[in-house]
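Asks: One structure, pasted below without further comment.
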Amino acid sequence: MLTRRTTLAALLALPLGPALAVPADPTHWPAIAAAARGQTVYWNAWAGETRINAYIAWAGREMERRFGVRVVHVKLSDTAEAVARVVAEKAAGTLSGGAVDLIWINGANFASMRRNGLLFGPWAERLPNFALTDPADHPEVRQDFTVPTDGYEAPWGRAQLVFFYDSATLPTPPRTVPALAAWAHAHPGRFTYPLPPDFLGTTFLKQLLLDLVADRGALYRPVQDATFAGYTAPLWAYLDDLRPVLWRKGRVFPANSAELRRLVADNETTIGFSFDPASAQAAIAAGELPASVRSFVLAGGTVGNVNFLAIPFNAAHRQGAMVLANFLLSPAAQARKQDPAVMGSATVLAVDKLPPADRALFDRIDLGPATPRPQQLGRLIPEPHPSWMGQLATAWAQRYTGT
Amino acid sequence: MLRLAPIVAVAVLAGPVLAGLAGVLLPAFGYLPALGGEGLSLLAWRQLVAQPGLAQSVAVSLASGLLVPLVALGIVFLFLAGGSGTRLFALIRGAMSPLLAVPHAAAAFGLAFLIAPSGLLARLASPWLTGWLRPPDLLIVQDPAGLAMMLGLVVKEVPFLLLMSLAALPQLRPQARLALAGSLGYRPVAAWFKTVAPGLYPLVRLPVFAAIAYASSVVDVALILGPSNPPTLSVAVLRWFNDPDLSYRFVASAGAVLQIGVTMAALALWWGGELLLAALGRAWLEGGGRGRIDHALAWCGQGAMLLAGSALLFGLVGLAVNSVAGFWRFPHLLPEHFTARHWLAAAPNLAGPLGTALLIAGLATVLSLAVVLAVLENETRGARRPGQAALWLLYLPLIVPQVAFLSGLAIGTGMLSLRPGFWLVVAGHVVFVLPYVFLSLSEPYRRLDPRWVMAARTLGAGPDRAFWTVRLPMLSTPCLTAAAVGMAVSIGQYLATQVLGAGRVATVTTEAVALASGGNRRVIGVWALAQAVLPALGFGVALLAPRLVWRQRRGMRSLG
């Protein structure tokens, strides 16, 4: 039977995308910028946060003003909607003039689209502003869950698993994985995690596994059926032990990061976590969370990654999409995005290597009390190979569904 | 010209329905070349059966499909039987249009915020009565058996079935029946159930079937109130469809076919129940019992109706307060401070999507109503009904899971090189609006006493004049009701709008659903209220217009 395992293992034998004529050669940037002028770029991006939508609207206004490119935010409730649209277009034989020009994407969605020949490229590393990143020191800008991006997506933002809690009721939060379990046993019903295969729920499983596994290196290789059970045994032991003291005794789980945050906001649970380090600060500003909420990361560091922008194989306005992706990588756009009052997503640029004027843009940002400082974020643990994600979610469902 | 109407209707629907269906069936059996499925196989079915929790998902969906319409119909009939003429009856009638207009997802959010351990009811009693300073760890919302979800669906189906019943009642002349039964010594509730209900049920049977289809396959309410691990079958199908691993699209399609089977099974079981009840009910009908617990039944009906209405109402109030709330935490009954910032932030983005939604809903409804009226008028003139097969075609869009159906539709329109956009969205909405207009209107239309038209004809009116001056005015209430239902259905469409408009046609619902995925209850409150405005207007017109137009015609206004 075809499992996530075999599909994802097949990723290793990636074809290099559709063998399509590439009318927009990214090496000739002036020609691209000229062709982009007057285009309307349909940017498909998740739209569940008003602050993200507002940032995208700002980027659209800047694009029109600076480059004469109109940007339309196609508001999605799930990135899968845009993936489904590209799949339907391929199935219908729409090989050019597709409706999606740019997708905000990463991880499993990227790997899957790439494998099925649904992406245009390579283009990303030839963007003028890609030179402002530092792939030598930060390989994650060209690696999406250990899978090389090969220039099929451009880095846009950085995310890392960050825990948050109400300091008014909890003076010192548990900072290690075993301490978290001990705390949960002392406070039954006040901790939970999103239901896998939700992205954040599976990320939590990966974090636990990274902390509990005997040989972390194995997680950066494709998962093997023969050894999966052995490597993950400590994880299941940990979760079995945790389950009876979870919120609702582990019979119900929040659906996603938004519901997890709402549980903390409603004071149902005490400790929450997010893949967006600025979300706690933004939620305080929005009146959702109390001002006493603070963030922390685990003592050994937490898992994190970079999210990207990709262009579908049949995009109608790929020059406009490239100019947009390039603008979004500019110091001005990245600095604005890092401001928690705007969007609060850490930059993918190598700030210390920017010219002083550009660096000053980043130094000016006020992160607020609930956002961890870069030095507090500690060591970023890279994402395991994507095959682990699907396999963990499948195994979790087999153990904990309907019991 | 009119004789072509059924052909036009079937032609309009057949293309999209068949494309949608092919989009479900072919991948379920392994065929979708875009994702490497080149041949037919049963692999997806084997994978589907191996999914953990599948049996429980199916059981919850089936139970919901049977219990929700049963309870909702019971409440409506008991209320009509015992409440007619009371003050509560008038109150509920007045309150119904805004309540029916509340979008399903908004009603579900409102109800969740009402009954959750951190919700309004718990806050009302905390901490002075319960001693709770934090929400208790109680499993109420998203219970594994789906009871909270079914409650939410009952609360939402009650106004729908009540409106359908009220639109159909006048032509039964219930007062005359009740008067006759009363003169024979039957108490009011027994008299209603023995003389009015047997006539009314056939008129609302199709709306009940729609409620069965809806309750067994609903997605949005199930996501908010329903079980999550495993979820209902419909939600499981959606999850597989949205899985980043595109090979799950095949499992999702097989699941969608199974979902069709579950909905059909619910309909078949209901139909069996009808036969059983008809057999058993006859003895009761003819037994001559005058109604011993009449008073208690009347009380039950009114109480349940009041409860359902208030659950919706207070859920809405909760959303409204959320939309202007600053920081607001358990156990505070009211926010610590109020703010207009959520409304001010939404305001610049409201007008455009509202106007687009209204325009699409208006066009889709007018088109649907015209087709349905033409089909029904042709049917009464030629006395020839379309075959059962054609009818099933009409209802297929209601029972096939939307996410699967629409992916087929998207591929089909792509093959025809139809550009996604406004007009394709309107056409797509017709596919979903037309069945509701048809099922709302067909029985009242068919059962209008033919002697009215006959009388008009003997007085020299041609068939067209009889239609325009006698039949249509007499059916104005059911027509307006059907139009209001159609408007509400159109405005509620999320996936159809997104898929057929390539995400470029922004309506109030596409904006609301996208923002709801962020889970901010304040933003949800703003958009849910904005989303309820348009259908509320539609139902308001449907309820008020006949009363204004017929203020000189008491016979046309008499209800229940």
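Note on naming: chains are A, B, ... as they come in the structure tokens, residues start from 1 per chain, ligands start from 1 in the order shown.
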In range 44-281 of chain A, what's alpha helix (DSSP H) per DSSP? Answer as a PyMOL selection string?
Replies: chain A and resi 50-67+80-91+107-115+177-186+199-212+225-242+257-265+279-281
Asks: Grab the residues selected above and save them as a tab-separated table (two decimals), in the first residue's frame with C-alpha atoms.
Replies:
chain	number	residue	atom	x	y	z
A	50	THR	CA	-5.19	40.72	10.06
A	51	ARG	CA	-1.62	41.92	10.66
A	52	ILE	CA	-0.28	39.63	7.91
A	53	ASN	CA	-3.01	40.82	5.55
A	54	ALA	CA	-2.16	44.42	6.36
A	55	TYR	CA	1.52	43.80	5.60
A	56	ILE	CA	0.67	42.18	2.29
A	57	ALA	CA	-1.56	45.15	1.44
A	58	TRP	CA	1.36	47.49	2.23
A	59	ALA	CA	3.68	45.47	0.00
A	60	GLY	CA	1.10	45.74	-2.77
A	61	ARG	CA	0.96	49.52	-2.51
A	62	GLU	CA	4.77	49.74	-2.55
A	63	MET	CA	4.96	47.45	-5.60
A	64	GLU	CA	2.52	49.61	-7.52
A	65	ARG	CA	4.36	52.79	-6.56
A	66	ARG	CA	7.90	51.56	-7.13
A	67	PHE	CA	7.61	49.06	-9.97
A	80	ALA	CA	-3.84	23.55	0.23
A	81	GLU	CA	-6.50	25.55	-1.67
A	82	ALA	CA	-3.83	27.09	-3.90
A	83	VAL	CA	-2.08	23.74	-4.32
A	84	ALA	CA	-5.42	22.20	-5.34
A	85	ARG	CA	-5.95	24.95	-7.90
A	86	VAL	CA	-2.60	24.28	-9.54
A	87	VAL	CA	-3.31	20.53	-9.53
A	88	ALA	CA	-6.71	21.15	-11.18
A	89	GLU	CA	-5.09	23.37	-13.81
A	90	LYS	CA	-2.50	20.75	-14.61
A	91	ALA	CA	-5.23	18.10	-14.82
A	107	GLY	CA	7.97	22.14	3.97
A	108	ALA	CA	5.74	19.31	2.90
A	109	ASN	CA	3.65	21.43	0.50
A	110	PHE	CA	6.80	22.52	-1.34
A	111	ALA	CA	8.24	19.02	-1.47
A	112	SER	CA	4.97	17.64	-2.77
A	113	MET	CA	4.48	20.34	-5.43
A	114	ARG	CA	8.07	20.02	-6.53
A	115	ARG	CA	7.81	16.25	-6.82
A	177	VAL	CA	11.06	18.39	27.75
A	178	PRO	CA	11.15	16.25	30.96
A	179	ALA	CA	10.36	19.33	33.08
A	180	LEU	CA	7.35	20.03	30.87
A	181	ALA	CA	5.95	16.56	31.61
A	182	ALA	CA	6.59	16.98	35.33
A	183	TRP	CA	4.83	20.34	35.28
A	184	ALA	CA	1.87	18.86	33.38
A	185	HIS	CA	1.53	16.11	35.99
A	186	ALA	CA	1.48	18.74	38.72
A	199	PHE	CA	1.58	21.67	11.13
A	200	LEU	CA	2.17	22.94	14.68
A	201	GLY	CA	1.04	19.65	16.24
A	202	THR	CA	3.50	17.67	14.14
A	203	THR	CA	6.21	20.25	14.83
A	204	PHE	CA	5.68	19.66	18.56
A	205	LEU	CA	6.13	15.91	18.01
A	206	LYS	CA	9.35	16.61	16.08
A	207	GLN	CA	10.60	18.85	18.90
A	208	LEU	CA	9.96	16.12	21.48
A	209	LEU	CA	11.62	13.52	19.28
A	210	LEU	CA	14.67	15.75	18.71
A	211	ASP	CA	15.05	16.04	22.49
A	212	LEU	CA	14.33	12.39	23.31
A	225	ASP	CA	10.53	1.45	8.24
A	226	ALA	CA	12.85	-0.96	10.02
A	227	THR	CA	14.24	1.55	12.49
A	228	PHE	CA	11.28	3.92	12.92
A	229	ALA	CA	9.80	2.08	15.90
A	230	GLY	CA	13.13	1.94	17.71
A	231	TYR	CA	13.95	5.64	17.24
A	232	THR	CA	10.47	6.78	18.24
A	233	ALA	CA	9.90	4.50	21.25
A	234	PRO	CA	10.97	7.19	23.78
A	235	LEU	CA	8.54	9.64	22.12
A	236	TRP	CA	5.54	7.30	22.49
A	237	ALA	CA	6.49	6.52	26.08
A	238	TYR	CA	6.59	10.25	26.78
A	239	LEU	CA	3.22	10.90	25.09
A	240	ASP	CA	1.55	7.90	26.78
A	241	ASP	CA	2.68	9.26	30.12
A	242	LEU	CA	1.51	12.79	29.24
A	257	SER	CA	-2.18	27.08	16.48
A	258	ALA	CA	-5.07	29.56	16.55
A	259	GLU	CA	-7.15	27.29	18.78
A	260	LEU	CA	-4.17	26.54	20.99
A	261	ARG	CA	-3.64	30.27	21.54
A	262	ARG	CA	-7.34	30.75	22.24
A	263	LEU	CA	-7.17	28.12	25.00
A	264	VAL	CA	-4.46	30.14	26.74
A	265	ALA	CA	-6.42	33.34	26.10
A	279	SER	CA	2.39	36.02	17.81
A	280	ALA	CA	2.18	36.40	21.61
A	281	GLN	CA	3.09	40.08	21.42
Asks: List every residue of range 61-270 of chain A that DSSP, applied to the backbone, labels as strand (DSSP E), and write the result as a VMD selection string.
Replies: chain A and resid 70 to 76 102 to 105 143 to 144 147 to 148 153 to 160 162 to 166
Asks: Check which residues of chain B sit at most 7 Å from chain A using only C-alpha atoms, and return one row each with the closest pair of atoms and their distance in Å to one decimal, ordered by chain and rising number, as CSV.
Replies:
residue,atom,partner,partner_atom,distance
B:Pro33,CA,A:Ala91,CA,6.8
B:Ala34,CA,A:Ala91,CA,4.8
B:Leu35,CA,A:Asn116,CA,6.4
B:Leu43,CA,A:Met1,CA,6.9
B:Gln47,CA,A:Met1,CA,7.0
B:Pro52,CA,A:Gln398,CA,5.7
B:Gly53,CA,A:Gly402,CA,5.8
B:Ser118,CA,A:Asp266,CA,6.3
B:Arg134,CA,A:Asn267,CA,6.2
B:Pro135,CA,A:Glu268,CA,5.5
B:Asp137,CA,A:Arg248,CA,5.9
B:Leu138,CA,A:Arg248,CA,6.5
B:Leu139,CA,A:Arg248,CA,6.0
B:Ser228,CA,A:Val252,CA,6.6
B:Asn229,CA,A:Thr401,CA,5.4
B:Pro230,CA,A:Gly402,CA,5.7
B:Asn242,CA,A:Ala80,CA,5.0
B:Pro244,CA,A:Asn109,CA,4.7
B:Asp245,CA,A:Ser112,CA,5.8
B:Leu246,CA,A:Ser112,CA,6.4
B:Gly326,CA,A:Gly287,CA,5.0
B:Phe327,CA,A:Gly287,CA,4.4
B:Arg329,CA,A:Asp266,CA,5.7
B:Phe330,CA,A:Asp266,CA,6.1
B:Ser407,CA,A:Ala88,CA,6.5
B:Ala410,CA,A:Ala88,CA,6.2
B:Ile411,CA,A:Ala92,CA,4.9
B:Gly412,CA,A:Ala92,CA,6.8
B:Gly414,CA,A:Ala92,CA,5.1
B:Met415,CA,A:Ala92,CA,4.8
B:Ala502,CA,A:Ala99,CA,6.2
B:Gly503,CA,A:Val74,CA,5.4
B:Arg504,CA,A:Val74,CA,6.2
B:Val513,CA,A:Ser77,CA,6.5
B:Ala514,CA,A:Ser77,CA,4.2
B:Leu515,CA,A:Gly48,CA,4.2
B:Ala516,CA,A:Gly48,CA,6.3
B:Ser517,CA,A:Gly48,CA,4.9
B:Gly518,CA,A:Gly48,CA,3.8
B:Gly519,CA,A:Ala258,CA,4.8
Asks: Write out the residues from the selection above, keeping N, CA and C atoms, as a short mmCIF file (atom, residue, chain, number, x, y, z; two decimals), in the first residue's frame.
Replies:
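out33.cif, written as the output of this step:
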data_model
loop_
_atom_site.label_atom_id
_atom_site.label_comp_id
_atom_site.auth_asym_id
_atom_site.auth_seq_id
_atom_site.Cartn_x
_atom_site.Cartn_y
_atom_site.Cartn_z
N PRO B 33 -4.26 11.70 -13.82
CA PRO B 33 -2.92 11.74 -14.42
C PRO B 33 -2.05 12.89 -13.91
N ALA B 34 -2.67 14.02 -13.54
CA ALA B 34 -1.86 15.15 -13.08
C ALA B 34 -1.04 14.78 -11.86
N LEU B 35 -1.51 13.80 -11.08
CA LEU B 35 -0.77 13.37 -9.90
C LEU B 35 -0.23 11.96 -10.07
N LEU B 43 -6.61 0.75 -4.90
CA LEU B 43 -5.64 1.09 -3.87
C LEU B 43 -6.19 2.11 -2.88
N GLN B 47 -6.54 1.93 1.21
CA GLN B 47 -5.96 2.92 2.12
C GLN B 47 -7.04 3.55 2.99
N PRO B 52 -7.28 5.03 10.57
CA PRO B 52 -7.77 4.81 11.93
C PRO B 52 -9.02 5.65 12.20
N GLY B 53 -9.98 5.05 12.90
CA GLY B 53 -11.17 5.79 13.31
C GLY B 53 -12.23 5.94 12.24
N SER B 118 -15.40 27.71 29.16
CA SER B 118 -14.98 29.10 29.35
C SER B 118 -16.01 30.05 28.76
N ARG B 134 -10.98 29.53 37.14
CA ARG B 134 -10.52 29.17 35.80
C ARG B 134 -11.57 28.25 35.20
N PRO B 135 -11.62 28.18 33.87
CA PRO B 135 -12.61 27.27 33.27
C PRO B 135 -12.35 25.84 33.70
N ASP B 137 -12.10 21.75 33.51
CA ASP B 137 -11.64 20.87 32.42
C ASP B 137 -12.76 19.89 32.08
N LEU B 138 -13.81 20.39 31.42
CA LEU B 138 -14.97 19.56 31.08
C LEU B 138 -15.06 19.39 29.57
N LEU B 139 -15.38 18.17 29.16
CA LEU B 139 -15.52 17.90 27.73
C LEU B 139 -16.95 18.18 27.30
N SER B 228 -13.09 15.67 16.94
CA SER B 228 -11.92 15.95 16.12
C SER B 228 -11.02 14.74 15.94
N ASN B 229 -11.17 13.72 16.79
CA ASN B 229 -10.18 12.64 16.74
C ASN B 229 -10.82 11.29 17.03
N PRO B 230 -11.47 10.63 16.11
CA PRO B 230 -11.62 11.01 14.71
C PRO B 230 -12.74 12.03 14.51
N ASN B 242 -6.71 18.25 1.94
CA ASN B 242 -5.77 19.33 2.20
C ASN B 242 -4.41 18.83 2.64
N PRO B 244 -0.71 17.88 2.71
CA PRO B 244 0.38 18.31 1.82
C PRO B 244 0.85 17.17 0.90
N ASP B 245 0.72 15.94 1.38
CA ASP B 245 1.09 14.80 0.55
C ASP B 245 -0.02 14.58 -0.47
N LEU B 246 0.27 14.95 -1.73
CA LEU B 246 -0.80 14.97 -2.74
C LEU B 246 -1.33 13.57 -3.06
N GLY B 326 -12.30 44.47 24.20
CA GLY B 326 -10.87 44.56 24.45
C GLY B 326 -10.48 43.27 25.15
N PHE B 327 -9.62 43.34 26.16
CA PHE B 327 -9.25 42.13 26.88
C PHE B 327 -10.45 41.59 27.64
N ARG B 329 -11.47 38.02 29.77
CA ARG B 329 -11.05 36.69 30.17
C ARG B 329 -11.99 36.10 31.20
N PHE B 330 -12.06 34.78 31.22
CA PHE B 330 -12.82 34.07 32.23
C PHE B 330 -12.35 34.50 33.61
N SER B 407 -13.44 20.22 -7.10
CA SER B 407 -12.17 19.99 -7.79
C SER B 407 -12.46 19.41 -9.16
N ALA B 410 -13.62 22.29 -11.28
CA ALA B 410 -12.51 23.16 -11.67
C ALA B 410 -11.76 22.55 -12.86
N ILE B 411 -11.58 21.23 -12.82
CA ILE B 411 -10.90 20.58 -13.95
C ILE B 411 -11.76 20.70 -15.20
N GLY B 412 -13.08 20.47 -15.04
CA GLY B 412 -13.99 20.55 -16.19
C GLY B 412 -14.00 21.92 -16.83
N GLY B 414 -11.71 24.13 -16.63
CA GLY B 414 -10.39 24.36 -17.20
C GLY B 414 -10.27 23.73 -18.59
N MET B 415 -10.83 22.51 -18.71
CA MET B 415 -10.77 21.82 -20.01
C MET B 415 -11.52 22.59 -21.07
N ALA B 502 -11.13 31.46 -8.86
CA ALA B 502 -9.68 31.41 -8.67
C ALA B 502 -9.25 32.30 -7.51
N GLY B 503 -10.13 32.47 -6.53
CA GLY B 503 -9.79 33.28 -5.37
C GLY B 503 -9.82 34.77 -5.65
N ARG B 504 -10.23 35.16 -6.87
CA ARG B 504 -10.16 36.58 -7.23
C ARG B 504 -11.48 37.28 -7.00
N VAL B 513 -14.25 33.56 6.04
CA VAL B 513 -13.70 32.23 6.29
C VAL B 513 -12.18 32.30 6.38
N ALA B 514 -11.56 33.09 5.50
CA ALA B 514 -10.10 33.21 5.56
C ALA B 514 -9.67 33.77 6.91
N LEU B 515 -10.37 34.80 7.38
CA LEU B 515 -9.99 35.40 8.65
C LEU B 515 -10.30 34.48 9.82
N ALA B 516 -11.39 33.69 9.70
CA ALA B 516 -11.76 32.79 10.79
C ALA B 516 -10.67 31.74 11.01
N SER B 517 -9.88 31.43 9.95
CA SER B 517 -8.84 30.42 10.12
C SER B 517 -7.76 30.91 11.09
N GLY B 518 -7.72 32.20 11.37
CA GLY B 518 -6.77 32.72 12.35
C GLY B 518 -7.26 32.59 13.77
N GLY B 519 -8.54 32.25 13.95
CA GLY B 519 -9.07 31.92 15.26
C GLY B 519 -9.28 33.09 16.21
#
Asks: Contacts of Phe327 in chain A at 10 Å or less, counting only C-alpha atoms, minus same-chain residues fewer than 3 places along, as a VMD selection string?
Replies: chain A and resid 59 62 to 63 66 to 67 127 to 129 321 to 324 330 to 334
Asks: Atoms to include: N, CA and C atoms. Write the selected residues as an mmCIF file, in the first residue's frame.
Replies:
data_model
loop_
_atom_site.group_PDB
_atom_site.id
_atom_site.type_symbol
_atom_site.label_atom_id
_atom_site.label_comp_id
_atom_site.auth_asym_id
_atom_site.auth_seq_id
_atom_site.Cartn_x
_atom_site.Cartn_y
_atom_site.Cartn_z
ATOM 1 N N ALA A 59 2.750 45.881 1.050
ATOM 2 C CA ALA A 59 3.683 45.471 0.000
ATOM 3 C C ALA A 59 3.076 45.731 -1.381
ATOM 4 N N GLU A 62 3.389 49.417 -2.214
ATOM 5 C CA GLU A 62 4.773 49.738 -2.552
ATOM 6 C C GLU A 62 5.128 49.242 -3.956
ATOM 7 N N MET A 63 4.659 48.033 -4.285
ATOM 8 C CA MET A 63 4.960 47.452 -5.599
ATOM 9 C C MET A 63 4.395 48.306 -6.718
ATOM 10 N N ARG A 66 6.500 51.639 -6.731
ATOM 11 C CA ARG A 66 7.904 51.559 -7.135
ATOM 12 C C ARG A 66 8.099 50.901 -8.484
ATOM 13 N N PHE A 67 7.308 49.870 -8.776
ATOM 14 C CA PHE A 67 7.606 49.056 -9.970
ATOM 15 C C PHE A 67 6.445 48.972 -10.947
ATOM 16 N N LEU A 127 17.623 36.218 -7.919
ATOM 17 C CA LEU A 127 17.048 37.513 -7.525
ATOM 18 C C LEU A 127 18.177 38.388 -6.997
ATOM 19 N N PRO A 128 18.235 39.675 -7.392
ATOM 20 C CA PRO A 128 19.328 40.536 -6.901
ATOM 21 C C PRO A 128 19.436 40.530 -5.381
ATOM 22 N N ASN A 129 18.292 40.531 -4.659
ATOM 23 C CA ASN A 129 18.360 40.628 -3.208
ATOM 24 C C ASN A 129 18.685 39.304 -2.518
ATOM 25 N N ALA A 321 5.787 38.241 -10.428
ATOM 26 C CA ALA A 321 5.960 37.474 -9.191
ATOM 27 C C ALA A 321 7.406 37.541 -8.723
ATOM 28 N N MET A 322 8.360 37.488 -9.671
ATOM 29 C CA MET A 322 9.770 37.547 -9.283
ATOM 30 C C MET A 322 10.131 38.929 -8.748
ATOM 31 N N VAL A 323 9.605 39.971 -9.385
ATOM 32 C CA VAL A 323 9.891 41.325 -8.893
ATOM 33 C C VAL A 323 9.311 41.487 -7.483
ATOM 34 N N LEU A 324 8.126 40.906 -7.256
ATOM 35 C CA LEU A 324 7.521 40.975 -5.924
ATOM 36 C C LEU A 324 8.379 40.222 -4.913
ATOM 37 N N SER A 330 13.951 42.699 0.134
ATOM 38 C CA SER A 330 14.745 43.920 0.314
ATOM 39 C C SER A 330 14.809 44.287 1.795
ATOM 40 N N PRO A 331 15.886 44.960 2.215
ATOM 41 C CA PRO A 331 15.999 45.345 3.633
ATOM 42 C C PRO A 331 14.790 46.145 4.112
ATOM 43 N N ALA A 332 14.261 47.031 3.294
ATOM 44 C CA ALA A 332 13.123 47.845 3.732
ATOM 45 C C ALA A 332 11.922 46.950 4.043
ATOM 46 N N ALA A 333 11.617 46.016 3.132
ATOM 47 C CA ALA A 333 10.448 45.151 3.336
ATOM 48 C C ALA A 333 10.674 44.183 4.484
ATOM 49 N N GLN A 334 11.905 43.638 4.583
ATOM 50 C CA GLN A 334 12.187 42.669 5.640
ATOM 51 C C GLN A 334 12.191 43.326 7.025
#
Asks: Extract, using only C-alpha atoms, all DNA, RNA and protein residues at most 10 Å from Leu13 in chain B, discarding same-chain residues fewer than 2 positions from it, and format them as a VMD selection string.
Replies: chain B and resid 7 to 11 15 to 18 390 393 to 397 427 to 428 430 to 432 434 to 435
Asks: Range 340-354 of chain B: which residues within 10 Å, counting only C-alpha atoms, same-chain residues fewer than 6 positions away excluded, as a PyMOL selection string?
Replies: (chain A and resi 50+54+286) or (chain B and resi 322-326+491+505-512+522-527+530-531+533-534)
Asks: Pick out the closest residue to Gly272 in chain A from this set: A:Thr192, A:Asn307, A:Asn314, A:Ser292. Count only C-alpha atoms.
Replies: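 Comparing A:Thr192, A:Asn307, A:Asn314, A:Ser292 against Gly272 in chain A, the winner is A:Thr192.
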Asks: Find the distance between CA of Leu153 in chain B and CA of Arg93 in chain B and write it in Å to one decimal.
Replies: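 Going from CA of Leu153 in chain B over to CA of Arg93 in chain B, I get 19.6 Å.
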